[in-house]
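One file, run.pdb, carrying PDB, C-alpha atoms, pLDDT in the B column:
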MODEL        1
ATOM      1  CA  MET F 232       0.000   0.000   0.000  1.00 54.00           C
ATOM      2  CA  THR F 233       1.204   3.503  -0.765  1.00 58.00           C
ATOM      3  CA  GLU F 234       0.207   6.877   0.616  1.00 69.00           C
ATOM      4  CA  SER F 235      -2.180   7.280  -2.322  1.00 72.00           C
ATOM      5  CA  GLY F 236      -3.871   3.893  -1.792  1.00 71.00           C
ATOM      6  CA  PRO F 237      -3.402   0.165  -2.352  1.00 76.00           C
ATOM      7  CA  VAL F 238      -1.074  -1.129  -5.042  1.00 86.00           C
ATOM      8  CA  LEU F 239      -3.220  -2.891  -7.638  1.00 92.00           C
ATOM      9  CA  ALA F 240      -0.548  -4.973  -9.339  1.00 94.00           C
ATOM     10  CA  TRP F 241      -2.712  -7.771 -10.785  1.00 97.00           C
ATOM     11  CA  LEU F 242      -4.823  -7.517 -13.948  1.00 97.00           C
ATOM     12  CA  VAL F 243      -7.659  -9.656 -15.264  1.00 97.00           C
ATOM     13  CA  ILE F 244      -7.552  -9.669 -19.068  1.00 97.00           C
ATOM     14  CA  ARG F 245     -10.300 -10.843 -21.444  1.00 95.00           C
ATOM     15  CA  GLN F 246      -9.760 -11.888 -25.039  1.00 94.00           C
ATOM     16  CA  ASP F 247     -12.788 -12.021 -27.320  1.00 90.00           C
ATOM     17  CA  ASP F 248     -13.474 -14.238 -30.335  1.00 88.00           C
ATOM     18  CA  ASN F 249     -11.704 -11.767 -32.663  1.00 91.00           C
ATOM     19  CA  GLY F 250      -8.499 -11.710 -30.605  1.00 92.00           C
ATOM     20  CA  ASN F 251      -9.159  -8.285 -29.083  1.00 95.00           C
ATOM     21  CA  ARG F 252      -7.874  -7.957 -25.520  1.00 95.00           C
ATOM     22  CA  TYR F 253      -9.467  -5.865 -22.789  1.00 95.00           C
ATOM     23  CA  ARG F 254      -8.459  -5.062 -19.233  1.00 96.00           C
ATOM     24  CA  VAL F 255     -11.353  -6.185 -16.996  1.00 95.00           C
ATOM     25  CA  GLY F 256      -9.947  -4.917 -13.700  1.00 96.00           C
ATOM     26  CA  ARG F 257      -6.968  -4.354 -11.424  1.00 97.00           C
ATOM     27  CA  TYR F 258      -6.596  -6.142  -8.099  1.00 97.00           C
ATOM     28  CA  ALA F 259      -4.276  -6.054  -5.089  1.00 96.00           C
ATOM     29  CA  THR F 260      -3.554  -9.790  -4.942  1.00 96.00           C
ATOM     30  CA  GLU F 261      -3.158 -12.601  -7.422  1.00 97.00           C
ATOM     31  CA  ASP F 262      -5.719 -14.659  -5.485  1.00 97.00           C
ATOM     32  CA  GLU F 263      -8.340 -11.916  -5.775  1.00 97.00           C
ATOM     33  CA  ALA F 264      -7.698 -11.536  -9.515  1.00 98.00           C
ATOM     34  CA  ARG F 265      -7.911 -15.318 -10.073  1.00 97.00           C
ATOM     35  CA  LYS F 266     -11.234 -15.508  -8.242  1.00 97.00           C
ATOM     36  CA  ILE F 267     -12.661 -12.816 -10.531  1.00 96.00           C
ATOM     37  CA  ALA F 268     -11.252 -14.462 -13.669  1.00 95.00           C
ATOM     38  CA  ASP F 269     -12.612 -17.859 -12.598  1.00 94.00           C
ATOM     39  CA  SER F 270     -16.066 -16.443 -11.839  1.00 93.00           C
ATOM     40  CA  LEU F 271     -16.203 -14.771 -15.265  1.00 91.00           C
ATOM     41  CA  ASP F 272     -14.976 -17.941 -16.960  1.00 87.00           C
ATOM     42  CA  ASP F 273     -17.643 -19.996 -15.155  1.00 86.00           C
ATOM     43  CA  ARG F 274     -20.390 -17.969 -16.864  1.00 82.00           C
ATOM     44  CA  GLY F 275     -19.892 -20.100 -19.960  1.00 72.00           C
ATOM     45  CA  HIS F 276     -19.069 -17.402 -22.511  1.00 71.00           C
ATOM     46  CA  LYS F 277     -16.511 -18.209 -25.166  1.00 77.00           C
ATOM     47  CA  GLN F 278     -14.166 -15.442 -23.998  1.00 87.00           C
ATOM     48  CA  LEU F 279     -10.779 -16.265 -22.554  1.00 92.00           C
ATOM     49  CA  TYR F 280      -9.820 -14.756 -19.171  1.00 94.00           C
ATOM     50  CA  TRP F 281      -6.411 -14.751 -17.520  1.00 95.00           C
ATOM     51  CA  VAL F 282      -4.407 -13.009 -14.820  1.00 97.00           C
ATOM     52  CA  GLU F 283      -1.223 -10.988 -15.355  1.00 96.00           C
ATOM     53  CA  ARG F 284       1.040  -9.102 -12.982  1.00 95.00           C
ATOM     54  CA  ILE F 285       1.656  -5.521 -14.107  1.00 92.00           C
ATOM     55  CA  GLY F 286       5.146  -5.291 -15.533  1.00 83.00           C
ATOM     56  CA  SER F 287       5.284  -8.972 -16.523  1.00 69.00           C
ATOM     57  CA  PRO F 288       5.836  -9.748 -20.198  1.00 64.00           C
ATOM     58  CA  ALA F 289       2.635 -10.690 -22.083  1.00 60.00           C
ATOM     59  CA  LEU F 290       2.299 -14.304 -23.205  1.00 57.00           C
TER
ENDMDL
END
Produce structure tokens that represent the structure in this file.
Amino acid sequence: MTESGPVLAWLVIRQDDNGNRYRVGRYATEDEARKIADSLDDRGHKQLYWVERIGSPAL
């Protein structure tokens, strides 16, 4: 946490059927981000969701 607020170092990313990628949200912990990604994935849409740490190279 910084003086300006919590550090939100984890991203949930969504990729649609056309390969477009969108940032869904930023989260403080990897566990929190994975829970969100898993809950979105469980909805049964054909989108792909994953978790990345800010500053990590994209896959």
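Relative to CA of Leu239 in chain F, CA of Arg265 in chain F is found at 13.5 Å.
In terms of minimum interatomic distance to Val282 in chain F, F:Leu242 ranks closest within F:Tyr258, F:Asn249, F:Leu242, F:Ile267, counting all atoms listed in the file.
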Exercise. Can you pull out every residue within 12 Å of Val243 in chain F, counting only C-alpha atoms, but drop anything in the same chain fewer than 2 positions away, and send it as a PyMOL selection string?
Key: chain F and resi 239-241+245-246+252-272+279-285
Can you sort out the box for range 245-251 of chain F, edges along x, y and z, all listed atoms in, 6 Å on every side, with centre and edge lengths in Å to one decimal, as AutoDock Vina command-line options?
--center_x -11.0 --center_y -11.3 --center_z -27.1 --size_x 17.0 --size_y 18.0 --size_z 23.2
Quiz item: Do you know which residues the PyMOL selection byres ((chain F and resi 277) around 8) returns on this file, as a PyMOL selection string?
Solution: chain F and resi 247-248+275-276+278-279
